[in-house]
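Structure data follow from query-v4.cif (mmCIF, C-alpha atoms):
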data_run
#
loop_
_atom_site.group_PDB
_atom_site.id
_atom_site.type_symbol
_atom_site.label_atom_id
_atom_site.label_comp_id
_atom_site.auth_asym_id
_atom_site.auth_seq_id
_atom_site.Cartn_x
_atom_site.Cartn_y
_atom_site.Cartn_z
ATOM 1 C CA MET N 1 93.037 72.277 77.195
ATOM 2 C CA ALA N 2 95.737 74.915 77.691
ATOM 3 C CA LYS N 3 99.162 74.807 79.259
ATOM 4 C CA ALA N 4 101.341 77.734 80.238
ATOM 5 C CA THR N 5 104.637 78.255 82.018
ATOM 6 C CA TYR N 6 105.240 81.263 84.243
ATOM 7 C CA PRO N 7 108.383 82.611 85.907
ATOM 8 C CA TYR N 8 108.577 82.938 89.665
ATOM 9 C CA VAL N 9 108.462 86.540 90.872
ATOM 10 C CA ALA N 10 111.236 87.936 93.048
ATOM 11 C CA ILE N 11 109.976 89.943 96.013
ATOM 12 C CA SER N 12 112.355 91.860 98.293
ATOM 13 C CA LEU N 13 111.361 91.416 101.912
ATOM 14 C CA PRO N 14 112.295 94.020 104.504
ATOM 15 C CA ALA N 15 114.834 93.352 107.222
ATOM 16 C CA ASN N 16 113.690 91.983 110.548
ATOM 17 C CA GLU N 17 115.322 90.484 113.617
ATOM 18 C CA ALA N 18 115.554 87.037 112.054
ATOM 19 C CA HIS N 19 116.718 88.376 108.681
ATOM 20 C CA PRO N 20 118.678 91.570 109.471
ATOM 21 C CA GLN N 21 119.827 92.027 105.862
ATOM 22 C CA GLY N 22 116.362 91.466 104.478
ATOM 23 C CA THR N 23 115.808 88.676 102.013
ATOM 24 C CA THR N 24 114.401 87.957 98.591
ATOM 25 C CA ALA N 25 111.497 85.561 98.255
ATOM 26 C CA PHE N 26 110.960 83.782 94.970
ATOM 27 C CA ARG N 27 107.279 83.024 94.792
ATOM 28 C CA PRO N 28 105.221 81.176 92.196
ATOM 29 C CA LEU N 29 103.240 84.311 91.581
ATOM 30 C CA THR N 30 101.773 85.317 88.295
ATOM 31 C CA PHE N 31 99.559 88.061 87.039
ATOM 32 C CA ALA N 32 95.838 87.774 86.527
ATOM 33 C CA THR N 33 92.989 89.776 85.144
ATOM 34 C CA LEU N 34 89.916 89.467 87.345
ATOM 35 C CA THR N 35 86.602 90.324 85.714
ATOM 36 C CA ALA N 36 83.367 90.620 87.644
ATOM 37 C CA ALA N 37 79.849 90.044 86.342
ATOM 38 C CA ASN N 38 79.414 93.827 86.212
ATOM 39 C CA GLY N 39 82.162 93.991 83.564
ATOM 40 C CA GLN N 40 84.752 95.656 85.795
ATOM 41 C CA SER N 41 88.284 94.279 85.506
ATOM 42 C CA ILE N 42 91.475 94.659 87.496
ATOM 43 C CA ARG N 43 94.985 93.231 87.245
ATOM 44 C CA CYS N 44 96.576 91.663 90.310
ATOM 45 C CA MET N 45 99.013 88.983 91.399
ATOM 46 C CA VAL N 46 97.911 85.464 92.270
ATOM 47 C CA LEU N 47 99.659 82.517 93.874
ATOM 48 C CA PRO N 48 98.603 78.882 93.455
ATOM 49 C CA ASP N 49 98.142 77.543 97.000
ATOM 50 C CA SER N 50 97.001 73.937 97.289
ATOM 51 C CA GLY N 51 96.613 74.477 101.039
ATOM 52 C CA ALA N 52 93.813 76.990 100.538
ATOM 53 C CA ASP N 53 90.339 75.479 100.428
ATOM 54 C CA ALA N 54 89.118 78.140 98.017
ATOM 55 C CA CYS N 55 90.370 81.068 95.977
ATOM 56 C CA LEU N 56 90.800 84.116 98.209
ATOM 57 C CA PHE N 57 91.544 87.746 97.417
ATOM 58 C CA PRO N 58 92.032 90.976 99.362
ATOM 59 C CA LEU N 59 88.785 92.772 100.122
ATOM 60 C CA SER N 60 90.275 95.922 98.574
ATOM 61 C CA LEU N 61 90.186 94.210 95.193
ATOM 62 C CA ALA N 62 86.446 93.561 95.561
ATOM 63 C CA LEU N 63 85.981 97.280 96.053
ATOM 64 C CA LEU N 64 88.073 98.028 92.962
ATOM 65 C CA LEU N 65 85.820 95.626 91.048
ATOM 66 C CA GLU N 66 82.872 97.652 92.377
ATOM 67 C CA LEU N 67 81.252 94.588 93.909
ATOM 68 C CA ASP N 68 78.329 95.251 96.234
ATOM 69 C CA VAL N 69 80.023 93.305 99.006
ATOM 70 C CA LEU N 70 77.386 93.865 101.663
ATOM 71 C CA ASN N 71 74.876 92.037 99.490
ATOM 72 C CA LEU N 72 77.168 89.119 98.638
ATOM 73 C CA PRO N 73 76.907 85.760 100.408
ATOM 74 C CA LYS N 74 79.429 85.571 103.205
ATOM 75 C CA ALA N 75 81.149 83.048 105.422
ATOM 76 C CA ILE N 76 83.604 83.110 108.281
ATOM 77 C CA THR N 77 87.017 81.767 107.324
ATOM 78 C CA GLY N 78 90.179 81.156 109.296
ATOM 79 C CA GLY N 79 93.872 80.913 108.644
ATOM 80 C CA VAL N 80 94.539 84.260 107.011
ATOM 81 C CA GLY N 81 95.472 87.180 109.197
ATOM 82 C CA SER N 82 93.383 86.135 112.155
ATOM 83 C CA GLN N 83 91.319 83.285 113.466
ATOM 84 C CA THR N 84 88.131 84.602 111.919
ATOM 85 C CA ASN N 85 87.589 86.666 108.799
ATOM 86 C CA VAL N 86 84.334 87.639 107.169
ATOM 87 C CA THR N 87 84.701 86.527 103.571
ATOM 88 C CA TYR N 88 82.387 87.708 100.799
ATOM 89 C CA TYR N 89 81.901 85.436 97.796
ATOM 90 C CA ASP N 90 81.170 86.117 94.157
ATOM 91 C CA THR N 91 81.783 84.427 90.820
ATOM 92 C CA ILE N 92 84.750 85.982 89.051
ATOM 93 C CA THR N 93 86.469 85.220 85.755
ATOM 94 C CA ILE N 94 90.207 84.808 86.200
ATOM 95 C CA ASP N 95 92.503 85.123 83.173
ATOM 96 C CA LEU N 96 96.136 84.099 83.710
ATOM 97 C CA GLY N 97 97.080 84.651 80.089
ATOM 98 C CA SER N 98 98.348 82.057 77.609
ATOM 99 C CA GLY N 99 94.912 80.474 77.370
ATOM 100 C CA ILE N 100 94.436 79.784 81.089
ATOM 101 C CA ARG N 101 91.053 81.350 81.794
ATOM 102 C CA PHE N 102 88.345 80.115 84.152
ATOM 103 C CA SER N 103 85.476 81.211 86.355
ATOM 104 C CA ALA N 104 85.403 80.508 90.061
ATOM 105 C CA PHE N 105 83.333 81.293 93.128
ATOM 106 C CA VAL N 106 85.995 83.226 95.054
ATOM 107 C CA GLY N 107 86.197 84.897 98.423
ATOM 108 C CA PHE N 108 87.244 88.438 99.281
ATOM 109 C CA THR N 109 88.390 89.104 102.825
ATOM 110 C CA GLN N 110 90.112 91.866 104.737
ATOM 111 C CA GLY N 111 92.462 89.236 106.130
ATOM 112 C CA MET N 112 94.124 89.066 102.709
ATOM 113 C CA ASP N 113 94.639 92.820 102.412
ATOM 114 C CA PRO N 114 98.059 92.953 104.113
ATOM 115 C CA ILE N 115 99.259 90.275 101.683
ATOM 116 C CA GLY N 116 97.928 92.120 98.673
ATOM 117 C CA PHE N 117 97.629 89.218 96.245
ATOM 118 C CA GLY N 118 95.172 86.423 95.635
ATOM 119 C CA LEU N 119 95.421 82.739 96.444
ATOM 120 C CA LEU N 120 94.272 80.208 93.881
ATOM 121 C CA GLY N 121 93.020 77.384 96.071
ATOM 122 C CA GLN N 122 91.413 73.998 95.722
ATOM 123 C CA ALA N 123 87.801 74.950 94.921
ATOM 124 C CA GLY N 124 87.675 76.684 91.588
ATOM 125 C CA PHE N 125 91.343 76.311 90.674
ATOM 126 C CA PHE N 126 93.126 73.072 91.617
ATOM 127 C CA GLU N 127 89.985 71.093 90.855
ATOM 128 C CA GLN N 128 90.274 72.348 87.250
ATOM 129 C CA HIS N 129 94.053 72.570 86.777
ATOM 130 C CA ARG N 130 97.290 70.674 87.219
ATOM 131 C CA VAL N 131 100.221 72.665 88.559
ATOM 132 C CA GLU N 132 103.891 71.735 88.447
ATOM 133 C CA PHE N 133 106.424 73.717 90.466
ATOM 134 C CA ARG N 134 110.081 73.690 89.410
ATOM 135 C CA HIS N 135 111.582 75.760 92.166
ATOM 136 C CA ARG N 136 115.227 75.357 91.142
ATOM 137 C CA GLN N 137 114.410 76.665 87.672
ATOM 138 C CA LYS N 138 112.098 79.298 89.192
ATOM 139 C CA ILE N 139 109.256 78.415 86.877
ATOM 140 C CA PHE N 140 105.885 76.754 87.287
ATOM 141 C CA THR N 141 103.400 75.320 84.832
ATOM 142 C CA ILE N 142 99.617 75.395 84.887
ATOM 143 C CA GLU N 143 97.599 73.072 82.711
ATOM 144 C CA SER N 144 93.836 73.164 82.455
ATOM 145 C CA ASP N 145 92.033 69.802 82.538
ATOM 146 C CA MET E 1 97.747 89.095 78.798
ATOM 147 C CA ALA E 2 101.316 87.935 79.236
ATOM 148 C CA THR E 3 103.687 89.984 81.313
ATOM 149 C CA THR E 4 107.415 90.501 81.069
ATOM 150 C CA ILE E 5 107.840 91.372 84.727
ATOM 151 C CA ALA E 6 109.455 88.651 86.816
ATOM 152 C CA ASP E 7 111.248 90.843 89.346
ATOM 153 C CA LEU E 8 109.326 93.542 91.161
ATOM 154 C CA SER E 9 112.156 94.463 93.496
ATOM 155 C CA ASP E 10 113.408 97.417 91.485
ATOM 156 C CA LEU E 11 109.932 98.745 90.808
ATOM 157 C CA LEU E 12 108.955 98.630 94.471
ATOM 158 C CA LYS E 13 112.234 99.554 96.168
ATOM 159 C CA ASP E 14 111.350 103.191 96.866
ATOM 160 C CA ILE E 15 107.696 102.621 97.733
ATOM 161 C CA PRO E 16 106.697 102.729 101.420
ATOM 162 C CA ALA E 17 105.905 99.395 103.032
ATOM 163 C CA GLY E 18 102.209 98.609 103.048
ATOM 164 C CA ALA E 19 101.385 100.867 100.082
ATOM 165 C CA TRP E 20 99.242 99.818 97.149
ATOM 166 C CA VAL E 21 101.025 100.362 93.851
ATOM 167 C CA ALA E 22 99.744 100.669 90.292
ATOM 168 C CA ILE E 23 102.278 99.368 87.773
ATOM 169 C CA SER E 24 102.244 99.784 84.021
ATOM 170 C CA GLU E 25 103.228 96.402 82.592
ATOM 171 C CA ARG E 26 103.574 97.977 79.159
ATOM 172 C CA GLN E 27 105.978 100.685 80.338
ATOM 173 C CA HIS E 28 107.481 98.584 83.152
ATOM 174 C CA LYS E 29 107.182 101.405 85.661
ATOM 175 C CA THR E 30 105.275 102.501 88.721
ATOM 176 C CA ILE E 31 102.377 104.828 87.898
ATOM 177 C CA ALA E 32 100.950 105.636 91.342
ATOM 178 C CA PHE E 33 101.096 104.468 94.939
ATOM 179 C CA GLY E 34 99.434 105.167 98.280
ATOM 180 C CA VAL E 35 97.522 103.640 101.155
ATOM 181 C CA ASP E 36 94.113 103.747 99.442
ATOM 182 C CA ALA E 37 93.823 101.215 96.625
ATOM 183 C CA ARG E 38 90.895 103.074 95.022
ATOM 184 C CA ALA E 39 92.787 106.373 94.967
ATOM 185 C CA VAL E 40 95.839 104.655 93.487
ATOM 186 C CA LEU E 41 93.781 103.027 90.737
ATOM 187 C CA ASN E 42 92.013 106.300 89.962
ATOM 188 C CA GLU E 43 95.322 108.165 89.709
ATOM 189 C CA ALA E 44 96.694 105.526 87.350
ATOM 190 C CA LYS E 45 93.620 105.808 85.129
ATOM 191 C CA GLU E 46 93.922 109.597 85.102
ATOM 192 C CA LYS E 47 97.487 109.102 83.879
ATOM 193 C CA GLY E 48 96.230 106.937 81.028
ATOM 194 C CA GLU E 49 96.823 103.463 82.456
ATOM 195 C CA GLN E 50 93.374 101.890 82.308
ATOM 196 C CA LEU E 51 94.282 98.434 83.604
ATOM 197 C CA PRO E 52 97.380 98.710 85.785
ATOM 198 C CA LEU E 53 98.771 95.827 87.776
ATOM 199 C CA MET E 54 97.749 96.446 91.407
ATOM 200 C CA VAL E 55 100.185 95.110 93.977
ATOM 201 C CA ARG E 56 100.929 95.816 97.611
ATOM 202 C CA VAL E 57 104.391 96.399 99.028
ATOM 203 C CA PRO E 58 105.091 93.915 101.817
ATOM 204 C CA ASP E 59 105.405 95.534 105.204
ATOM 205 C CA ARG E 60 107.630 94.358 108.012
ATOM 206 C CA ASN E 61 104.926 92.362 109.758
ATOM 207 C CA THR E 62 103.370 90.615 106.785
ATOM 208 C CA ALA E 63 106.318 90.197 104.439
ATOM 209 C CA MET E 64 106.892 86.568 105.282
ATOM 210 C CA PHE E 65 103.970 84.594 103.953
ATOM 211 C CA LEU E 66 103.751 81.253 105.703
#
Starting from the coordinates I provided, produce the structure as structure tokens.
Amino acid sequence: MAKATYPYVAISLPANEAHPQGTTAFRPLTFATLTAANGQSIRCMVLPDSGADACLFPLSLALLLELDVLNLPKAITGGVGSQTNVTYYDTITIDLGSGIRFSAFVGFTQGMDPIGFGLLGQAGFFEQHRVEFRHRQKIFTIESD
Amino acid sequence: MATTIADLSDLLKDIPAGAWVAISERQHKTIAFGVDARAVLNEAKEKGEQLPLMVRVPDRNTAMFL
């Protein structure tokens, strides 16, 4: 069992009509190393999201991992970017550092590309970990079961 | 691998919205950026950063994540 605490990440968001000065979002993001079965690894940002049924990543990251996406099992998912997204699934090892390392059957979809980071959802992540958010302190803790 | 980066604002402030960015966590600086994630990763590797942090700059229409 491992337990690690991570700082929130500050992200500057561009101005828009509702926020003419722009704004800064503090998100419970951390940094992960994804490793595919082919041995390829990449570093990216991930965000624990208990509202996501599964772990989801931008399709671009699957291409960086050199996954053969057209031969991966796929499903149609909703809720990210559009009503329907083709999502390609593969088993990936996710290392969050500080001893938090696990494998999960994760999805890669173009609907996540504009967001640019991964979501750690219920299947594969929350079913194996406890997460505590301390927003005022801008830290969160992940503990593996 | 632990990281010391908790604020990306400075690193990303001059990068166009929507661009993929390769960041050296060791040097705490941007190594490459562009619209094509593969090209950005390749450029970072050519510059000696074998495992850069790959992030995407929020653009106006996707910045708010709800």
Evaluate the PyMOL selection byres ((chain N and resi 32) around 9) on the structure here and hand back the selected residues as a compact mmCIF listing (two decimals) with C-alpha atoms, keeping the file's coordinate frame.
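File written: selection_32.txt
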# COMPACT_ATOMS: atom_id res chain seq x y z
CA THR N 30 101.77 85.32 88.30
CA PHE N 31 99.56 88.06 87.04
CA THR N 33 92.99 89.78 85.14
CA LEU N 34 89.92 89.47 87.34
CA ILE N 42 91.48 94.66 87.50
CA ARG N 43 94.98 93.23 87.24
CA CYS N 44 96.58 91.66 90.31
CA MET N 45 99.01 88.98 91.40
CA VAL N 46 97.91 85.46 92.27
CA ILE N 94 90.21 84.81 86.20
CA ASP N 95 92.50 85.12 83.17
CA LEU N 96 96.14 84.10 83.71
CA GLY N 97 97.08 84.65 80.09
CA MET E 1 97.75 89.10 78.80
CA LEU E 53 98.77 95.83 87.78
Applying 9 Å and all atoms listed in the file, which residues near range 39-43 of chain E remain after dropping the ones on its own chain fewer than 5 positions away? List them as a PDB file with C-alpha atoms, in the coordinates of the input.
ATOM      1  CA  LEU N  64      88.073  98.028  92.962  1.00  0.00           C
TER       2      LEU N  64
ATOM      3  CA  TRP E  20      99.242  99.818  97.149  1.00  0.00           C
ATOM      4  CA  VAL E  21     101.025 100.362  93.851  1.00  0.00           C
ATOM      5  CA  ALA E  22      99.744 100.669  90.292  1.00  0.00           C
ATOM      6  CA  ILE E  31     102.377 104.828  87.898  1.00  0.00           C
ATOM      7  CA  ALA E  32     100.950 105.636  91.342  1.00  0.00           C
ATOM      8  CA  PHE E  33     101.096 104.468  94.939  1.00  0.00           C
ATOM      9  CA  GLY E  34      99.434 105.167  98.280  1.00  0.00           C
ATOM     10  CA  GLY E  48      96.230 106.937  81.028  1.00  0.00           C
ATOM     11  CA  GLU E  49      96.823 103.463  82.456  1.00  0.00           C
ATOM     12  CA  GLN E  50      93.374 101.890  82.308  1.00  0.00           C
ATOM     13  CA  LEU E  51      94.282  98.434  83.604  1.00  0.00           C
ATOM     14  CA  PRO E  52      97.380  98.710  85.785  1.00  0.00           C
ATOM     15  CA  MET E  54      97.749  96.446  91.407  1.00  0.00           C
TER      16      MET E  54
END
Taking all atoms listed in the file into account, name the residue in E:Asp7, E:Glu46, E:Asp36, E:Asp14 that is nearest to chain N.
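Closest residue, counting all atoms listed in the file: E:Asp7.
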Skip Gly99 in chain N itself and residues of its chain fewer than 6 positions away, then list as a ChimeraX atom specification all residues within 12 Å of it, counting all atoms listed in the file.
/N:1-5,32,142-144 /E:1-2
Extract, using only C-alpha atoms, all DNA, RNA and protein residues at most 8 Å from range 84-92 of chain N, discarding same-chain residues fewer than 6 positions from it, and format them as a PyMOL selection string.
chain N and resi 34-37+69-70+72-78+103-111
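For chain N, the residues within 6 Å of chain E are Val9, Ala10, Ile11, Ser12, Leu13, Pro14, Arg43, Cys44, Gly97 and Gly116 of chain N, with only C-alpha atoms used to measure distance.
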Could you state the separation of CA of Val131 in chain N and CA of Ile100 in chain N in Å, given to one decimal place?
11.8 Å
Set out as a tab-separated table a contact list for range 47-119 of chain N and range 19-28 of chain N with a cut-off of 12 Å, giving each residue of range 47-119 of chain N that qualifies its closest atom pair and distance in Å to one decimal, counting only C-alpha atoms, ordered by chain and rising residue number.
residue	atom	partner	partner_atom	distance
N:Leu47	CA	N:Pro28	CA	6.0
N:Pro48	CA	N:Pro28	CA	7.1
N:Asp49	CA	N:Pro28	CA	9.3
N:Phe117	CA	N:Arg27	CA	11.6
N:Gly118	CA	N:Pro28	CA	11.8
N:Leu119	CA	N:Pro28	CA	10.8
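When CA of Pro114 in chain N is paired with CA of Ile15 in chain E, their separation reads 15.1 Å.
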Would you work out the distance separating CA of Gln128 in chain N from CA of Phe102 in chain N, expressed in Å to one decimal?
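Interatomic distance here is 8.6 Å.
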With the file shown as input, list the residues that the PyMOL selection byres ((chain N and resi 137-139) around 6) selects, as a list in words.
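For this structure, the PyMOL selection byres ((chain N and resi 137-139) around 6) resolves to Tyr6, Pro7, Tyr8, Arg134, His135, Arg136 and Phe140 of chain N.
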Padding 5 Å on each side, edges along x, y and z: where is the centre of the box around the listed atoms of range 6-19 of chain E, and how long are its edges in Å to one decimal? Output it as AutoDock Vina command-line options.
--center_x 107.4 --center_y 95.9 --center_z 94.9 --size_x 22.0 --size_y 24.5 --size_z 26.2
Exercise: residues within 10 Å of coordinate (77.8, 95.5, 86.7), counting all atoms listed in the file, as a CSV table (one decimal) with C-alpha atoms, in the frame of the given file:
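The resulting file, result-v4.csv, is reproduced below:
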chain,number,residue,atom,x,y,z
N,36,ALA,CA,83.4,90.6,87.6
N,37,ALA,CA,79.8,90.0,86.3
N,38,ASN,CA,79.4,93.8,86.2
N,39,GLY,CA,82.2,94.0,83.6
N,40,GLN,CA,84.8,95.7,85.8
N,65,LEU,CA,85.8,95.6,91.0
N,66,GLU,CA,82.9,97.7,92.4
N,67,LEU,CA,81.3,94.6,93.9
N,68,ASP,CA,78.3,95.3,96.2
Restricting the calculation to only C-alpha atoms: of N:Asp145, N:Leu61, N:Ile115, N:Ala54, which residue gets closest to Arg130 in chain N?
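Counting only C-alpha atoms, the residue closest to Arg130 in chain N is N:Asp145.
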Please complete range 13-27 of chain E with N, CA and C atoms and give it back as an mmCIF file, in the coordinates of the input.
data_model
loop_
_atom_site.group_PDB
_atom_site.id
_atom_site.type_symbol
_atom_site.label_atom_id
_atom_site.label_comp_id
_atom_site.auth_asym_id
_atom_site.auth_seq_id
_atom_site.Cartn_x
_atom_site.Cartn_y
_atom_site.Cartn_z
ATOM 1 N N LYS E 13 111.218 99.310 95.134
ATOM 2 C CA LYS E 13 112.234 99.554 96.168
ATOM 3 C C LYS E 13 112.061 100.895 96.874
ATOM 4 N N ASP E 14 111.491 101.882 96.224
ATOM 5 C CA ASP E 14 111.350 103.191 96.866
ATOM 6 C C ASP E 14 109.927 103.472 97.342
ATOM 7 N N ILE E 15 109.097 102.457 97.330
ATOM 8 C CA ILE E 15 107.696 102.621 97.733
ATOM 9 C C ILE E 15 107.558 102.245 99.206
ATOM 10 N N PRO E 16 106.832 103.048 99.993
ATOM 11 C CA PRO E 16 106.697 102.729 101.420
ATOM 12 C C PRO E 16 106.036 101.367 101.644
ATOM 13 N N ALA E 17 106.489 100.689 102.679
ATOM 14 C CA ALA E 17 105.905 99.395 103.032
ATOM 15 C C ALA E 17 104.409 99.554 103.299
ATOM 16 N N GLY E 18 103.649 98.607 102.822
ATOM 17 C CA GLY E 18 102.209 98.609 103.048
ATOM 18 C C GLY E 18 101.414 99.370 101.993
ATOM 19 N N ALA E 19 102.098 100.067 101.086
ATOM 20 C CA ALA E 19 101.385 100.867 100.082
ATOM 21 C C ALA E 19 100.863 99.987 98.945
ATOM 22 N N TRP E 20 99.720 100.377 98.402
ATOM 23 C CA TRP E 20 99.242 99.818 97.149
ATOM 24 C C TRP E 20 99.947 100.546 96.009
ATOM 25 N N VAL E 21 100.264 99.800 94.969
ATOM 26 C CA VAL E 21 101.025 100.362 93.851
ATOM 27 C C VAL E 21 100.347 99.979 92.543
ATOM 28 N N ALA E 22 100.232 100.944 91.649
ATOM 29 C CA ALA E 22 99.744 100.669 90.292
ATOM 30 C C ALA E 22 100.956 100.651 89.360
ATOM 31 N N ILE E 23 101.120 99.555 88.650
ATOM 32 C CA ILE E 23 102.278 99.368 87.773
ATOM 33 C C ILE E 23 101.808 99.251 86.327
ATOM 34 N N SER E 24 102.483 99.955 85.451
ATOM 35 C CA SER E 24 102.244 99.784 84.021
ATOM 36 C C SER E 24 103.104 98.627 83.538
ATOM 37 N N GLU E 25 102.461 97.538 83.117
ATOM 38 C CA GLU E 25 103.228 96.402 82.592
ATOM 39 C C GLU E 25 103.828 96.745 81.228
ATOM 40 N N ARG E 26 103.114 97.594 80.488
ATOM 41 C CA ARG E 26 103.574 97.977 79.159
ATOM 42 C C ARG E 26 104.843 98.833 79.245
ATOM 43 N N GLN E 27 104.839 99.780 80.195
ATOM 44 C CA GLN E 27 105.978 100.685 80.338
ATOM 45 C C GLN E 27 106.987 100.192 81.372
#
